[in-house]
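Here's the structure we're looking at; comments come further down.
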Amino acid sequence: MTERFSPPGPVDATTSRGERPPPARLAVYERQTWKEIAHLLANLPVSIIGFVYVVGFLFTGAGLAVTVVGLPLLSLGLLGARQLGKAERARARKLLGVRIDEPSRLRVRRAGFFRWLWSSLKDPVGWRTTLYEFIRLPWGIVTFTVTLMSLFLLWPVLPYLARGLTNVDRAMVRGLLIPSDELERRIAELESDRGVVVDTAAADLRRIERDLHDGAQARLVNLAMGLGLAKEKLLEGQADDSVALMVEEAHGEVKLALQELRDLARGIHPAVLTDRGLDAALSAVASRCTVPVKVTVDLATRPAAAIEGIAYFTVSELLQNISKHSAARTASVEVWRTDDRLLVQVWDDGRGGASLDGGTGMAGLADRLGAVDGLFVVESPAGGPTTVTAELPWRERQAGDDAKLPHRTPGK
């Protein structure tokens, strides 16, 4: 049995931290004062470059928006604005002592040109950087002029003047160049997760339709044809051994069709999960695994039906992978609750080497768990063992949860 652990949650840089610079002094030759003066003098050329870039891609992209190249150009311009923001943050860190975390990379969960286009067009980091560069030109002119004149005319008070001007710069950097706040990040993740849920539901519907069409439906068609031939023979008075053979074959087709329908119903939502919960359902899944599996479920109460179903199908898929790919001798399944999280850990002593891009369906499991704010962690060094930990949010079971699910009684 492996040691339980709770994988660390994703760490997102969403806050900015400013380091307070040393107090301004009268001496012009203080190191920090020279850094602030250099920053203020560089504001004008940097602001001109940023303003020209922003106006250029905005006007070009907006003007060509009615054509097929306008929106892609605007998207590329926003990606370039991200790089300008990165350079401005680096300049603020080096010269002003401002510490601001870099925003996360623009992520697109699903491949495709239009998904990338839409994600880049609604990128808040790119748009805030665009606003920053657009309003910086007047300020750059002011700071450059005042600092240059003060070097010759007001040098005794220049340290205090530079500190006041750069404090405005620090406020602008912190206000517009910080990473996306948590709400914006969460909205983007939920929009992406919604696409994953829709795609998964569509794939499940196609799988059910295919299984019905190629399995039970085909057998029922053969059954109807066999019974039709037997009926014609009986009507013609030919009640011989061939009719008995047709009836026997039809009976066999009925049993096979019922078995396929039971398997299909179990794949949609098993009755044992609805009636008896995860312990019994996972024990049933483990009994069909080709590797001996020890199941331990430590839950005082049952979670919500949706969470329970995701946990069940996650374990079912992982045990299928163990049967097909692991060459393991033993395996284990543990389920327990920690605070407001449901944790599922599946371990085997197989050959290892499993990964999310290994073609064993684990990427799909990770997407499904991510859609409900869950985590999916795979630890599988070459040579084994393999430990897969799934973490789901705990939601209390409501009184009507079971009523929402179709109750199925297995056929005999």
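Just so we're on the same page: first chain in the structure tokens is A, next is B, and so on; residues restart at 1 for each chain, and ligands are numbered from 1 in the order they show up.
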Write down as an MDAnalysis selection string the residues of stretch 273-337 of chain A whose backbone DSSP state falls under strand (DSSP E).
chainID A and resid 293:298 331:337
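When the distance limit is 6 Å and only C-alpha atoms are what count, the residues near A:Ala382, minus those fewer than 2 positions from it on the same chain, are Gly352, Gly353 and Gly384 of chain A.
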May I have the selected residues written with N, CA and C atoms, as an mmCIF file, in the first residue's frame?
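File produced: result-v2.cif:
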data_model
loop_
_atom_site.group_PDB
_atom_site.id
_atom_site.type_symbol
_atom_site.label_atom_id
_atom_site.label_comp_id
_atom_site.auth_asym_id
_atom_site.auth_seq_id
_atom_site.Cartn_x
_atom_site.Cartn_y
_atom_site.Cartn_z
ATOM 1 N N GLY A 352 5.477 0.808 -15.083
ATOM 2 C CA GLY A 352 5.589 2.262 -15.008
ATOM 3 C C GLY A 352 5.634 2.903 -16.384
ATOM 4 N N GLY A 353 6.070 4.151 -16.413
ATOM 5 C CA GLY A 353 6.176 4.880 -17.672
ATOM 6 C C GLY A 353 4.891 5.515 -18.149
ATOM 7 N N GLY A 384 8.393 1.394 -12.676
ATOM 8 C CA GLY A 384 7.333 1.396 -11.681
ATOM 9 C C GLY A 384 7.828 1.772 -10.299
#
From the list A:Leu256, A:Ala306, A:Val52, A:Leu343, the nearest residue to A:Val372 using only C-alpha atoms is A:Ala306
### Message
What's around stretch 30-43 of chain A at 7 Å? Count only C-alpha atoms, leave out sequence neighbours fewer than 5 positions away in its own chain, and write the answer as a ChimeraX atom specification.
### Response
/A:95-96,140,143-144,147,159,162,166
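For A:Ile310, the set of protein, DNA and RNA residues having any atom at most 10 Å away, when counting only C-alpha atoms and skipping those fewer than 2 positions along the same chain, is Ala305, Ala306, Ile307, Glu308, Tyr312, Phe313, Thr314, Val315, Ser316, Leu365, Arg368, Leu369, Val372 and Leu392 of chain A.
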* Asked: Any idea what the distance is between atom CA of A:Ala284 and atom CA of A:Thr338?
  ->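 Distance reported for this atom pair: 24.6 Å.
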For this session: Would you mind telling me which residue in A:Pro72, A:Val168, A:Leu318, A:Ala92 lies nearest to A:Leu121 when using only C-alpha atoms?
Result: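 Ranked by minimum distance to A:Leu121, first place goes to A:Pro72.
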For A:Pro179, find every residue with an atom within 7 Å (counting only C-alpha atoms), except residues of its own chain fewer than 6 positions away, and show them as a short mmCIF file (atom, residue, chain, number, x, y, z; two decimals) with C-alpha atoms, in the first residue's frame.
data_model
loop_
_atom_site.label_atom_id
_atom_site.label_comp_id
_atom_site.auth_asym_id
_atom_site.auth_seq_id
_atom_site.Cartn_x
_atom_site.Cartn_y
_atom_site.Cartn_z
CA THR A 14 -1.78 36.68 -9.30
CA ASP A 101 5.07 38.45 -10.95
CA GLU A 102 4.94 37.54 -14.60
CA PRO A 103 1.50 36.54 -15.91
CA VAL A 125 -3.04 40.84 -20.07
#
(request) Return as a PyMOL selection string the full set of residues in stretch 53-160 of chain A whose backbone-based DSSP assignment is alpha helix (DSSP H). (result) chain A and resi 53-63+70-91+113-121+124-152+158-160
